[in-house]
>>> print(open('data.pdb').read())   # PDB, C-alpha atoms
ATOM      1  CA  MET X 394     313.087  25.177 -54.034
ATOM      2  CA  ARG X 395     314.024  28.840 -54.490
ATOM      3  CA  SER X 396     311.339  31.501 -54.603
ATOM      4  CA  ASP X 397     311.644  34.608 -56.759
ATOM      5  CA  ARG X 398     309.368  36.544 -54.425
ATOM      6  CA  SER X 399     310.986  39.328 -52.456
ATOM      7  CA  ALA X 400     310.775  39.622 -48.705
ATOM      8  CA  ARG X 401     308.389  42.581 -49.291
ATOM      9  CA  ASP X 402     305.857  40.222 -50.925
ATOM     10  CA  ASP X 403     305.720  38.223 -47.702
ATOM     11  CA  GLU X 404     304.787  41.344 -45.740
ATOM     12  CA  GLY X 405     301.774  42.186 -47.867
ATOM     13  CA  PRO X 406     300.946  45.575 -49.348
ATOM     14  CA  ALA X 407     302.555  48.734 -47.994
ATOM     15  CA  PRO X 408     300.426  50.522 -45.370
ATOM     16  CA  VAL X 409     298.446  53.538 -46.567
ATOM     17  CA  PRO X 410     299.391  56.677 -44.619
ATOM     18  CA  GLN X 411     296.544  58.177 -42.587
ATOM     19  CA  PRO X 412     295.676  61.893 -43.073
ATOM     20  CA  SER X 413     297.100  62.884 -39.680
ATOM     21  CA  GLN X 414     300.351  61.075 -40.481
ATOM     22  CA  VAL X 415     300.525  62.766 -43.885
ATOM     23  CA  ARG X 416     300.183  66.191 -42.181
ATOM     24  CA  ALA X 417     302.802  65.270 -39.571
ATOM     25  CA  ASP X 418     305.190  64.152 -42.315
ATOM     26  CA  TYR X 419     304.563  67.400 -44.233
ATOM     27  CA  ILE X 420     305.260  69.562 -41.162
ATOM     28  CA  LYS X 421     308.370  67.516 -40.340
ATOM     29  CA  GLU X 422     309.596  68.026 -43.907
ATOM     30  CA  GLN X 423     308.951  71.781 -43.662
ATOM     31  CA  VAL X 424     310.728  72.066 -40.324
ATOM     32  CA  HIS X 425     313.609  69.697 -41.025
ATOM     33  CA  GLY X 426     313.864  70.051 -44.792
ATOM     34  CA  GLU X 427     316.825  71.581 -46.544
ATOM     35  CA  GLU X 428     318.404  74.073 -44.208
ATOM     36  CA  PRO X 429     319.541  77.335 -45.744
ATOM     37  CA  SER X 430     323.272  77.939 -45.783
ATOM     38  CA  ALA X 431     322.950  80.983 -43.494
ATOM     39  CA  LEU X 432     320.813  81.011 -40.364
ATOM     40  CA  ALA X 433     317.629  83.017 -40.871
ATOM     41  CA  PRO X 434     315.070  84.223 -38.317
ATOM     42  CA  PRO X 435     312.468  81.597 -37.354
ATOM     43  CA  ARG X 436     309.459  81.143 -39.648
ATOM     44  CA  ASN X 437     306.006  80.219 -38.435
ATOM     45  CA  LEU X 438     304.538  77.150 -40.174
ATOM     46  CA  ASP X 439     301.398  76.632 -38.075
ATOM     47  CA  VAL X 440     299.836  79.316 -35.841
ATOM     48  CA  PRO X 441     299.522  78.941 -32.060
ATOM     49  CA  TYR X 442     296.318  77.454 -30.629
ATOM     50  CA  LEU X 443     294.526  78.845 -27.579
ATOM     51  CA  GLY X 444     292.526  76.435 -25.422
ATOM     52  CA  GLY X 445     290.504  76.700 -22.233
ATOM     53  CA  ASP X 446     287.180  78.019 -20.945
ATOM     54  CA  GLY X 447     286.133  81.619 -21.469
ATOM     55  CA  VAL X 448     285.123  82.318 -17.861
ATOM     56  CA  VAL X 449     286.727  84.469 -15.186
ATOM     57  CA  GLY X 450     289.143  82.394 -13.096
ATOM     58  CA  ALA X 451     289.733  79.757 -15.791
ATOM     59  CA  THR X 452     293.204  79.042 -17.139
ATOM     60  CA  LEU X 453     293.851  79.544 -20.862
ATOM     61  CA  THR X 454     296.773  77.695 -22.446
ATOM     62  CA  CYS X 455     298.580  78.713 -25.641
ATOM     63  CA  THR X 456     300.577  76.278 -27.774
ATOM     64  CA  MET X 457     303.714  77.593 -29.449
ATOM     65  CA  GLY X 458     302.587  76.528 -32.925
ATOM     66  CA  VAL X 459     305.027  74.947 -35.382
ATOM     67  CA  TRP X 460     308.222  76.737 -36.359
ATOM     68  CA  GLY X 461     311.091  76.338 -38.808
ATOM     69  CA  GLY X 462     314.474  78.012 -38.615
ATOM     70  CA  GLN X 463     315.744  76.455 -35.390
ATOM     71  CA  PRO X 464     314.183  78.728 -32.725
ATOM     72  CA  THR X 465     315.977  78.717 -29.391
ATOM     73  CA  ASP X 466     313.435  80.701 -27.331
ATOM     74  CA  TYR X 467     309.713  81.496 -27.330
ATOM     75  CA  ALA X 468     307.907  84.469 -25.784
ATOM     76  CA  TYR X 469     304.140  84.657 -25.202
ATOM     77  CA  ALA X 470     302.065  87.858 -25.274
ATOM     78  CA  TRP X 471     298.440  87.868 -24.120
ATOM     79  CA  LYS X 472     295.823  90.124 -25.720
ATOM     80  CA  SER X 473     292.307  91.203 -24.742
ATOM     81  CA  ASP X 474     290.466  92.490 -27.834
ATOM     82  CA  GLY X 475     293.907  92.992 -29.403
ATOM     83  CA  ALA X 476     295.315  95.117 -26.540
ATOM     84  CA  ASP X 477     298.223  93.843 -24.426
ATOM     85  CA  VAL X 478     297.375  92.500 -20.982
ATOM     86  CA  ALA X 479     299.721  91.585 -18.145
ATOM     87  CA  GLY X 480     300.825  88.001 -18.432
ATOM     88  CA  SER X 481     303.658  85.912 -19.778
ATOM     89  CA  GLY X 482     304.298  82.270 -20.323
ATOM     90  CA  ASP X 483     302.076  79.763 -22.064
ATOM     91  CA  SER X 484     299.168  79.994 -19.602
ATOM     92  CA  TYR X 485     296.980  82.850 -18.384
ATOM     93  CA  VAL X 486     294.318  83.019 -15.682
ATOM     94  CA  VAL X 487     291.302  84.962 -16.946
ATOM     95  CA  ALA X 488     290.878  88.128 -14.845
ATOM     96  CA  PRO X 489     287.616  89.905 -13.981
ATOM     97  CA  THR X 490     288.704  92.779 -16.274
ATOM     98  CA  ASP X 491     288.704  90.317 -19.213
ATOM     99  CA  ALA X 492     284.948  89.644 -18.885
ATOM    100  CA  GLY X 493     283.102  90.558 -22.076
ATOM    101  CA  HIS X 494     286.295  90.579 -24.163
ATOM    102  CA  SER X 495     288.050  88.127 -26.523
ATOM    103  CA  MET X 496     291.428  86.691 -25.521
ATOM    104  CA  THR X 497     294.220  85.695 -27.920
ATOM    105  CA  CYS X 498     297.925  84.941 -27.608
ATOM    106  CA  VAL X 499     300.854  85.835 -29.849
ATOM    107  CA  VAL X 500     304.014  83.726 -29.816
ATOM    108  CA  THR X 501     307.380  85.155 -30.849
ATOM    109  CA  ALA X 502     310.187  82.736 -31.694
ATOM    110  CA  THR X 503     313.831  83.798 -31.513
ATOM    111  CA  ASN X 504     317.155  82.430 -32.711
ATOM    112  CA  ALA X 505     320.616  83.947 -33.280
ATOM    113  CA  ALA X 506     319.435  85.565 -36.554
ATOM    114  CA  GLY X 507     316.413  87.372 -35.096
ATOM    115  CA  SER X 508     312.815  87.089 -33.920
ATOM    116  CA  THR X 509     309.493  86.462 -35.656
ATOM    117  CA  ALA X 510     305.982  86.840 -34.242
ATOM    118  CA  ALA X 511     303.332  84.368 -35.370
ATOM    119  CA  PRO X 512     299.863  85.592 -36.309
ATOM    120  CA  PRO X 513     297.507  85.739 -33.300
ATOM    121  CA  SER X 514     295.956  82.496 -32.081
ATOM    122  CA  ASN X 515     292.273  81.708 -32.309
ATOM    123  CA  ALA X 516     290.158  83.888 -29.981
ATOM    124  CA  ILE X 517     288.287  82.748 -26.881
ATOM    125  CA  ALA X 518     285.389  84.963 -25.825
ATOM    126  CA  VAL X 519     285.190  85.538 -22.072
ATOM    127  CA  ALA X 520     281.651  85.565 -20.684
ATOM    128  CA  ALA X 521     280.452  88.947 -19.489
ATOM    129  CA  ALA X 522     280.353  89.404 -15.741
ATOM    130  CA  GLN X 523     276.956  88.951 -14.112
ATOM    131  CA  THR X 524     275.445  91.682 -12.018
ATOM    132  CA  GLU X 525     274.361  90.947  -8.431
ATOM    133  CA  SER X 526     270.685  90.928  -9.473
ATOM    134  CA  GLN X 527     271.405  88.423 -12.313
ATOM    135  CA  ARG X 528     273.094  86.070  -9.830
ATOM    136  CA  ARG X 529     270.031  86.061  -7.557
ATOM    137  CA  GLU X 530     267.659  85.084 -10.367
TER     138      GLU X 530
END
>>> encode(input="data.pdb", output="structure tokens")
Amino acid sequence: MRSDRSARDDEGPAPVPQPSQVRADYIKEQVHGEEPSALAPPRNLDVPYLGGDGVVGATLTCTMGVWGGQPTDYAYAWKSDGADVAGSGDSYVVAPTDAGHSMTCVVTATNAAGSTAAPPSNAIAVAAAQTESQRRE
């Protein structure tokens, strides 16, 4: 006996996308959507994120964020209260001079058409250095 049901009916209802999957699909669409006819400088779609502990000697790590426009290279700049500090790459070891300041990173993406800097990442406050007398207490 022939059934008029489709193969889809045998599988049950379609799965409902979860919020994280919906966001991932949206970002994928933004990044891989219709490409412009001419290459344009990269465009930042989601700002970099800075993670780690705000204590001297800890390592902070900066994500590149999400970019459109086919970037081919990324550069990282580290900031203490908005001022440049020595450091490059996606990680930074918190120095004693950073104590009492807020650290951020700025990522610049580059392709053949140019470069674009993303807005600064979230800030991580570095604990102020303790004096010798505070350490003894």
>>> closest_residue(input="data.pdb", among="X:Pro512, X:Gly475, X:Gly461, X:Gly450", to="Pro489 in chain X", atoms="all atoms listed in the file")
X:Gly450
>>> residues_near_point(input="data.pdb", point="(287.6, 92.5, -16.4)", cutoff="10 Å", atoms="only C-alpha atoms", output="PyMOL selection string")
chain X and resi 449+473+487-494+519+521-522
>>> resolve_selection(input="data.pdb", expression="the PyMOL selection byres ((chain X and resi 465) around 7)", output="JSON, numbers by chain")
{"X": [463, 464, 466, 503, 504]}
>>> write_last_selection(input="data.pdb", atoms="C-alpha atoms", output="mmCIF file, keeping the file's coordinate frame")
data_model
loop_
_atom_site.group_PDB
_atom_site.id
_atom_site.type_symbol
_atom_site.label_atom_id
_atom_site.label_comp_id
_atom_site.auth_asym_id
_atom_site.auth_seq_id
_atom_site.Cartn_x
_atom_site.Cartn_y
_atom_site.Cartn_z
ATOM 1 C CA GLN X 463 315.744 76.455 -35.390
ATOM 2 C CA PRO X 464 314.183 78.728 -32.725
ATOM 3 C CA ASP X 466 313.435 80.701 -27.331
ATOM 4 C CA THR X 503 313.831 83.798 -31.513
ATOM 5 C CA ASN X 504 317.155 82.430 -32.711
#
>>> residues_around(input="data.pdb", residues="Pro435 in chain X", least_positions_apart="4", cutoff="12 Å", atoms="only C-alpha atoms", output="list in words")
Val424, Glu428, Pro429, Gly458, Val459, Trp460, Gly461, Gly462, Gln463, Pro464, Thr465, Asp466, Tyr467, Val500, Thr501, Ala502, Thr503, Asn504, Ala505, Ala506, Gly507, Ser508, Thr509, Ala510 and Ala511 of chain X
>>> resolve_selection(input="data.pdb", expression="the PyMOL selection byres ((chain X and resi 472) around 9)", output="PyMOL selection string")
chain X and resi 470-471+473-479+495-499+513
>>> atom_distance(input="data.pdb", atom1="CA of Leu432 in chain X", atom2="CA of Tyr469 in chain X")
22.8 Å
>>> closest_residue(input="data.pdb", among="X:Val440, X:Leu453, X:Ala468, X:Ala433", to="Ser481 in chain X", atoms="all atoms listed in the file")
X:Ala468
>>> atom_distance(input="data.pdb", atom1="CA of Leu438 in chain X", atom2="CA of Val486 in chain X")
27.2 Å
